[in-house]
Amino acid sequence: MKLEEFATGSSFIHHLDPRGKVVAAACFSGLVSLTQSLYAALAALALPVMLVALARLDFKRLMTRLAVVNGFILFTWFFIPFTFPGEVIYSIGPLDIHREGVLYACLLTVKSNAIILALIALLGTSPVLDVVHALSHLGVPDKLVHLFFFCFRYLHTIREEYHKLSEALKVRSFRPGTNLHTYRTYAYLVGMLLVRSFHRSQRILEALKCRGFSGRFYILHHYQMKRRDYLFTSCGLVLPCLLVVFLA
Amino acid sequence: MHISEGVLAAPVLLAGAALGLAGTAAGLKKLDYDRIPQVALLAAASFVASFIHVPIGPASVHLVLNGILGVMLGWVAFPAILISLFLQAIMFQFGGLTVLGVTTCNLALPAVLGYYAFGPGIRSSKPRVSAICSFSCGFVAVLLSSLAVAGCLVLTGDSFWAGAKMIVMAHIPVMFIEGFITLGCVRFLKKVKPEMLEVVYGRR
């Protein structure tokens, strides 16, 4: 599990204001998920492809990521071409492949990949804490932002706890299999993780209280929207709208 | 349990977003500032635990754990599940921004239902009642979640019927595993840290 795989880089995309990127990503995902036209979806796919190229992301890792998240889309290809009503173009035994079904599956694939690429290019290229910081500027409730912050901050710590526990299992020659012993062991492992997270959270709360925490984080570093940020955000808002409206 | 971006129809997405927003608002209202680190770390723990692959026959499944989260968190399960889904969306692109509401509801509504239906039974001092309730809690949470995912797909279009059925069928073994894991987890917590099951994470 690699976190923030694409967040380091020196391209112009990496240096954009995360607030603008969040707004553009939300607008793009929303509009593309609404479109029902294959042409609009294909044209929309061009935008994130361009962004990914501009961000100079590692091609191999990008493709691996896409392959992993396309599992669900691959699954739809197993039934949509057969069940979507339309003109029959090919028959395999009792199953008929429908032209409209194939087109619909294509539409879903293109839409989904366009949005995934946009998320990688826009949100994946900022460190997670920057995105969370941007959310706090965009009117997301304080409590939710704090939850995000603590959750991400301690994700690594809890992962280490998990690794320690699973090493301990390995040392005791635990071999997972399909039996009750395995399930019980995993249940206790999960239970132990929860208990450790609970203990640690109490220590965090005590430490926060010692330092006079009153439910507010003071932000020292403020974002500054530069000209390129305004330009990028407005393009990010206008281009997908144009595409979806004119090609729909 | 993730539905990819771009698959669901607009009304389903909007309804999911509205429900998810309402549930999250309710959860945040019940969440005191003092409890934020606890809830956040519990969400992080369940995030890490959901990467554990449990073998079943030749295949393996990953844990969902929304049942046990629901029992511990009540309505606060909504924000807790929302943050872990959001983190997955920005870090791994599993799910995304538009399906966030739908997926949150699919996982968190069964969790909250489990809290009301099985919570009192799980906390009961009779071992048998507690065992039955905790198994059912894990089992039913996954059952309802997979039905919800199937429902979202079917509402999007009739051509998804076959896929929706496959999803529910594929989750049947997950339901049993989740039941056993929840059962073991509750037994463990009752021995080691019983106060964690007493809804310390949010106001009732």
# chains A, B, ... in the order shown; residues from 1 in each chain; ligands from 1
>>> select_by_dssp(residues="segment 32-174 of chain B", states="alpha helix (DSSP H)", output="PyMOL selection string")
chain B and resi 36-49+66-73+77-92+100-123+127-156+161-170+172-174
>>> residues_around(residues="Ile158 of chain A", least_positions_apart="4", cutoff="12 Å", atoms="only C-alpha atoms", output="ChimeraX atom specification")
/A:150-154,162-165,190,192-201 /B:40-49
>>> write_last_selection(atoms="N, CA and C atoms", output="compact mmCIF listing (two decimals), in the first residue's frame")
# COMPACT_ATOMS: atom_id res chain seq x y z
N PHE A 150 -6.58 13.87 11.54
CA PHE A 150 -6.07 12.87 12.48
C PHE A 150 -6.02 11.50 11.83
N CYS A 151 -7.04 11.21 11.03
CA CYS A 151 -7.09 9.89 10.41
C CYS A 151 -5.87 9.69 9.52
N PHE A 152 -5.57 10.68 8.69
CA PHE A 152 -4.43 10.51 7.79
C PHE A 152 -3.12 10.56 8.55
N ARG A 153 -3.05 11.47 9.53
CA ARG A 153 -1.80 11.62 10.28
C ARG A 153 -1.42 10.29 10.97
N TYR A 154 -2.41 9.57 11.48
CA TYR A 154 -2.08 8.35 12.24
C TYR A 154 -2.24 7.07 11.43
N TYR A 162 -0.02 -2.60 12.76
CA TYR A 162 -0.52 -3.78 12.05
C TYR A 162 0.64 -4.66 11.60
N HIS A 163 1.70 -4.02 11.08
CA HIS A 163 2.84 -4.81 10.62
C HIS A 163 3.48 -5.56 11.78
N LYS A 164 3.57 -4.88 12.93
CA LYS A 164 4.14 -5.54 14.11
C LYS A 164 3.31 -6.77 14.45
N LEU A 165 2.00 -6.60 14.47
CA LEU A 165 1.13 -7.73 14.84
C LEU A 165 1.26 -8.86 13.83
N VAL A 190 -7.78 -7.83 14.40
CA VAL A 190 -8.56 -6.60 14.20
C VAL A 190 -8.90 -5.98 15.55
N MET A 192 -7.28 -6.22 18.31
CA MET A 192 -6.08 -5.62 18.91
C MET A 192 -5.76 -4.28 18.24
N LEU A 193 -5.95 -4.23 16.93
CA LEU A 193 -5.72 -2.95 16.22
C LEU A 193 -6.65 -1.87 16.77
N LEU A 194 -7.92 -2.25 16.97
CA LEU A 194 -8.89 -1.27 17.49
C LEU A 194 -8.47 -0.81 18.88
N VAL A 195 -8.04 -1.78 19.72
CA VAL A 195 -7.65 -1.42 21.08
C VAL A 195 -6.43 -0.50 21.05
N ARG A 196 -5.46 -0.83 20.19
CA ARG A 196 -4.27 0.03 20.14
C ARG A 196 -4.63 1.42 19.66
N SER A 197 -5.55 1.50 18.67
CA SER A 197 -5.94 2.81 18.16
C SER A 197 -6.62 3.60 19.28
N PHE A 198 -7.38 2.90 20.10
CA PHE A 198 -8.09 3.56 21.21
C PHE A 198 -7.09 4.12 22.22
N HIS A 199 -6.11 3.29 22.59
CA HIS A 199 -5.10 3.75 23.55
C HIS A 199 -4.35 4.95 23.03
N ARG A 200 -3.94 4.85 21.77
CA ARG A 200 -3.17 5.95 21.20
C ARG A 200 -4.00 7.22 21.14
N SER A 201 -5.27 7.08 20.80
CA SER A 201 -6.10 8.28 20.68
C SER A 201 -6.25 8.94 22.04
N ALA B 40 -11.24 9.35 14.74
CA ALA B 40 -10.33 9.38 13.58
C ALA B 40 -9.41 8.18 13.60
N LEU B 41 -8.90 7.82 14.78
CA LEU B 41 -7.99 6.68 14.84
C LEU B 41 -8.72 5.36 14.63
N LEU B 42 -9.97 5.32 15.09
CA LEU B 42 -10.75 4.11 14.83
C LEU B 42 -10.98 3.96 13.33
N ALA B 43 -11.26 5.10 12.66
CA ALA B 43 -11.44 5.05 11.21
C ALA B 43 -10.14 4.59 10.54
N ALA B 44 -9.01 5.10 11.05
CA ALA B 44 -7.73 4.71 10.47
C ALA B 44 -7.49 3.21 10.68
N ALA B 45 -7.84 2.72 11.89
CA ALA B 45 -7.64 1.29 12.17
C ALA B 45 -8.50 0.44 11.25
N SER B 46 -9.75 0.88 11.02
CA SER B 46 -10.60 0.07 10.15
C SER B 46 -10.13 0.16 8.71
N PHE B 47 -9.55 1.30 8.35
CA PHE B 47 -8.97 1.46 7.01
C PHE B 47 -7.83 0.45 6.82
N VAL B 48 -6.93 0.40 7.81
CA VAL B 48 -5.80 -0.53 7.72
C VAL B 48 -6.32 -1.97 7.73
N ALA B 49 -7.31 -2.24 8.59
CA ALA B 49 -7.81 -3.61 8.71
C ALA B 49 -8.51 -4.06 7.44
>>> residues_around(residues="segment 119-122 of chain A", least_positions_apart="2", cutoff="8 Å", atoms="only C-alpha atoms", output="PyMOL selection string")
(chain A and resi 6+13+21-22+24-25+48+51-52+55+115-117+124-126) or (chain B and resi 90+93+96)
>>> select_by_dssp(residues="chain B", states="strand (DSSP E)", output="NGL selection string")
:B and (53-56 or 59-62)
>>> residues_around(residues="Phe217 of chain A", least_positions_apart="2", cutoff="12 Å", atoms="only C-alpha atoms", output="list in words")
His133, Ser136, Asp142, Lys143, Val145, His146, Phe149, Phe150, Leu208, Arg211, Gly212, Phe213, Ser214, Gly215, Ile219, Leu220 and His221 of chain A
>>> write_last_selection(atoms="N, CA and C atoms", output="JSON list (two decimals), in the first residue's frame")
[["chain", "number", "residue", "atom", "x", "y", "z"],
["A", 133, "HIS", "N", -6.36, 20.58, 3.94],
["A", 133, "HIS", "CA", -6.27, 22.00, 4.24],
["A", 133, "HIS", "C", -7.16, 22.80, 3.27],
["A", 136, "SER", "N", -10.73, 22.68, 4.20],
["A", 136, "SER", "CA", -11.14, 23.55, 5.30],
["A", 136, "SER", "C", -11.40, 24.97, 4.79],
["A", 142, "ASP", "N", -15.52, 22.05, 10.37],
["A", 142, "ASP", "CA", -14.31, 21.88, 11.17],
["A", 142, "ASP", "C", -14.09, 20.45, 11.66],
["A", 143, "LYS", "N", -15.18, 19.90, 12.22],
["A", 143, "LYS", "CA", -15.05, 18.57, 12.83],
["A", 143, "LYS", "C", -14.62, 17.55, 11.79],
["A", 145, "VAL", "N", -12.98, 18.12, 9.00],
["A", 145, "VAL", "CA", -11.59, 18.36, 8.60],
["A", 145, "VAL", "C", -10.64, 17.80, 9.66],
["A", 146, "HIS", "N", -10.98, 17.99, 10.93],
["A", 146, "HIS", "CA", -10.14, 17.43, 12.00],
["A", 146, "HIS", "C", -10.09, 15.91, 11.91],
["A", 149, "PHE", "N", -7.79, 15.00, 9.18],
["A", 149, "PHE", "CA", -6.41, 15.28, 9.56],
["A", 149, "PHE", "C", -5.85, 14.19, 10.46],
["A", 150, "PHE", "N", -6.58, 13.87, 11.54],
["A", 150, "PHE", "CA", -6.07, 12.87, 12.48],
["A", 150, "PHE", "C", -6.02, 11.50, 11.83],
["A", 208, "LEU", "N", -2.90, 16.81, 23.51],
["A", 208, "LEU", "CA", -3.52, 18.01, 22.97],
["A", 208, "LEU", "C", -3.99, 18.91, 24.11],
["A", 211, "ARG", "N", -1.47, 20.89, 25.87],
["A", 211, "ARG", "CA", -1.00, 22.05, 25.10],
["A", 211, "ARG", "C", -2.12, 23.05, 24.86],
["A", 212, "GLY", "N", -3.20, 22.93, 25.63],
["A", 212, "GLY", "CA", -4.27, 23.91, 25.56],
["A", 212, "GLY", "C", -5.12, 23.84, 24.31],
["A", 213, "PHE", "N", -5.33, 22.64, 23.77],
["A", 213, "PHE", "CA", -6.13, 22.50, 22.55],
["A", 213, "PHE", "C", -7.59, 22.81, 22.86],
["A", 214, "SER", "N", -8.17, 23.70, 22.05],
["A", 214, "SER", "CA", -9.56, 24.08, 22.31],
["A", 214, "SER", "C", -10.43, 23.76, 21.11],
["A", 215, "GLY", "N", -10.04, 22.79, 20.31],
["A", 215, "GLY", "CA", -10.87, 22.43, 19.17],
["A", 215, "GLY", "C", -10.60, 23.27, 17.94],
["A", 219, "ILE", "N", -3.86, 27.82, 11.42],
["A", 219, "ILE", "CA", -3.15, 27.56, 10.17],
["A", 219, "ILE", "C", -2.10, 28.63, 9.97],
["A", 220, "LEU", "N", -0.85, 28.21, 9.85],
["A", 220, "LEU", "CA", 0.23, 29.18, 9.71],
["A", 220, "LEU", "C", 0.47, 29.54, 8.25],
["A", 221, "HIS", "N", 0.34, 28.51, 7.41],
["A", 221, "HIS", "CA", 0.66, 28.74, 6.00],
["A", 221, "HIS", "C", -0.65, 28.93, 5.24]]
>>> atom_distance(atom1="atom CA of Phe78 of chain A", atom2="atom CA of Ala105 of chain A")
9.6 Å
>>> closest_residue(among="A:Ser91, A:Thr178, A:Thr185, A:Thr233", to="Val61 of chain B", atoms="only C-alpha atoms")
A:Thr178
>>> closest_residue(among="B:Gly20, B:Gly27, B:Gly6, B:Gly157", to="Leu73 of chain B", atoms="only C-alpha atoms")
B:Gly27
>>> closest_residue(among="B:Leu85, B:Leu147, B:Cys133, B:Ala25", to="Val71 of chain B", atoms="only C-alpha atoms")
B:Cys133
>>> residues_around(residues="Ile3 of chain B", least_positions_apart="3", cutoff="9 Å", atoms="only C-alpha atoms", output="list in words")
Phe72 and Ile73 of chain A; Gly6, Val7, Leu8, Phe94, Gly95, Gly96, Val99, Val102, Thr103, Val149 and Leu153 of chain B
>>> residues_around(residues="Met63 of chain A", least_positions_apart="3", cutoff="12 Å", atoms="only C-alpha atoms", output="ChimeraX atom specification")
/A:52,57-60,66-70,113,116-117,120
>>> residues_around(residues="segment 174-189 of chain B", least_positions_apart="2", cutoff="9 Å", atoms="only C-alpha atoms", output="MDAnalysis selection string")
(chainID A and resid 180 183:192 194:195) or (chainID B and resid 54 56 61:65 67:68 122 127 130:143 170:172 191:197)
>>> write_last_selection(atoms="C-alpha atoms", output="PDB file, in the first residue's frame")
ATOM      1  CA  LEU A 180     -12.069 -21.215  12.076  1.00  0.00           C
ATOM      2  CA  TYR A 183     -10.870 -16.356  11.274  1.00  0.00           C
ATOM      3  CA  ARG A 184     -10.522 -16.235  15.041  1.00  0.00           C
ATOM      4  CA  THR A 185      -6.904 -15.101  14.713  1.00  0.00           C
ATOM      5  CA  TYR A 186      -7.827 -12.368  12.271  1.00  0.00           C
ATOM      6  CA  ALA A 187     -10.691 -11.282  14.498  1.00  0.00           C
ATOM      7  CA  TYR A 188      -8.316 -10.916  17.437  1.00  0.00           C
ATOM      8  CA  LEU A 189      -5.861  -9.101  15.190  1.00  0.00           C
ATOM      9  CA  VAL A 190      -8.555  -6.598  14.202  1.00  0.00           C
ATOM     10  CA  GLY A 191      -9.643  -6.318  17.826  1.00  0.00           C
ATOM     11  CA  MET A 192      -6.077  -5.624  18.908  1.00  0.00           C
ATOM     12  CA  LEU A 194      -8.887  -1.271  17.486  1.00  0.00           C
ATOM     13  CA  VAL A 195      -7.647  -1.420  21.079  1.00  0.00           C
TER      14      VAL A 195
ATOM     15  CA  VAL B  54      -8.857 -13.321   4.560  1.00  0.00           C
ATOM     16  CA  ILE B  56     -11.672 -18.487   1.658  1.00  0.00           C
ATOM     17  CA  VAL B  61     -11.758 -11.456   0.441  1.00  0.00           C
ATOM     18  CA  HIS B  62     -11.001  -8.226   2.219  1.00  0.00           C
ATOM     19  CA  LEU B  63     -12.807  -7.164   5.344  1.00  0.00           C
ATOM     20  CA  VAL B  64     -15.554  -4.538   5.343  1.00  0.00           C
ATOM     21  CA  LEU B  65     -16.015  -4.142   9.114  1.00  0.00           C
ATOM     22  CA  GLY B  67     -20.944  -3.873  11.362  1.00  0.00           C
ATOM     23  CA  ILE B  68     -18.486  -3.519  14.217  1.00  0.00           C
ATOM     24  CA  ILE B 122     -24.054  -7.358  21.842  1.00  0.00           C
ATOM     25  CA  PRO B 127     -22.511 -14.824  26.298  1.00  0.00           C
ATOM     26  CA  SER B 130     -23.954 -11.487  22.682  1.00  0.00           C
ATOM     27  CA  ALA B 131     -22.421 -14.083  20.351  1.00  0.00           C
ATOM     28  CA  ILE B 132     -25.567 -14.444  18.228  1.00  0.00           C
ATOM     29  CA  CYS B 133     -26.047 -10.691  18.019  1.00  0.00           C
ATOM     30  CA  SER B 134     -22.448  -9.963  17.080  1.00  0.00           C
ATOM     31  CA  PHE B 135     -22.407 -12.627  14.372  1.00  0.00           C
ATOM     32  CA  SER B 136     -25.687 -11.301  12.966  1.00  0.00           C
ATOM     33  CA  CYS B 137     -24.414  -7.752  13.161  1.00  0.00           C
ATOM     34  CA  GLY B 138     -21.445  -8.492  10.896  1.00  0.00           C
ATOM     35  CA  PHE B 139     -23.473 -10.751   8.635  1.00  0.00           C
ATOM     36  CA  VAL B 140     -26.442  -8.401   8.217  1.00  0.00           C
ATOM     37  CA  ALA B 141     -24.279  -5.306   7.700  1.00  0.00           C
ATOM     38  CA  VAL B 142     -22.566  -6.870   4.677  1.00  0.00           C
ATOM     39  CA  LEU B 143     -25.837  -8.354   3.435  1.00  0.00           C
ATOM     40  CA  ALA B 170     -20.338 -12.981  -4.472  1.00  0.00           C
ATOM     41  CA  HIS B 171     -20.797 -11.351  -1.081  1.00  0.00           C
ATOM     42  CA  ILE B 172     -22.451 -14.369   0.553  1.00  0.00           C
ATOM     43  CA  LYS B 191     -12.267  -9.403  27.494  1.00  0.00           C
ATOM     44  CA  VAL B 192      -9.644  -6.764  26.810  1.00  0.00           C
ATOM     45  CA  LYS B 193     -11.367  -3.416  26.661  1.00  0.00           C
ATOM     46  CA  PRO B 194     -15.089  -3.714  27.368  1.00  0.00           C
ATOM     47  CA  GLU B 195     -15.607   0.040  27.590  1.00  0.00           C
ATOM     48  CA  MET B 196     -14.928   0.347  23.848  1.00  0.00           C
ATOM     49  CA  LEU B 197     -18.277  -1.302  23.174  1.00  0.00           C
TER      50      LEU B 197
END
>>> atom_distance(atom1="atom CA of Pro141 of chain A", atom2="atom CA of Leu31 of chain B")
12.3 Å
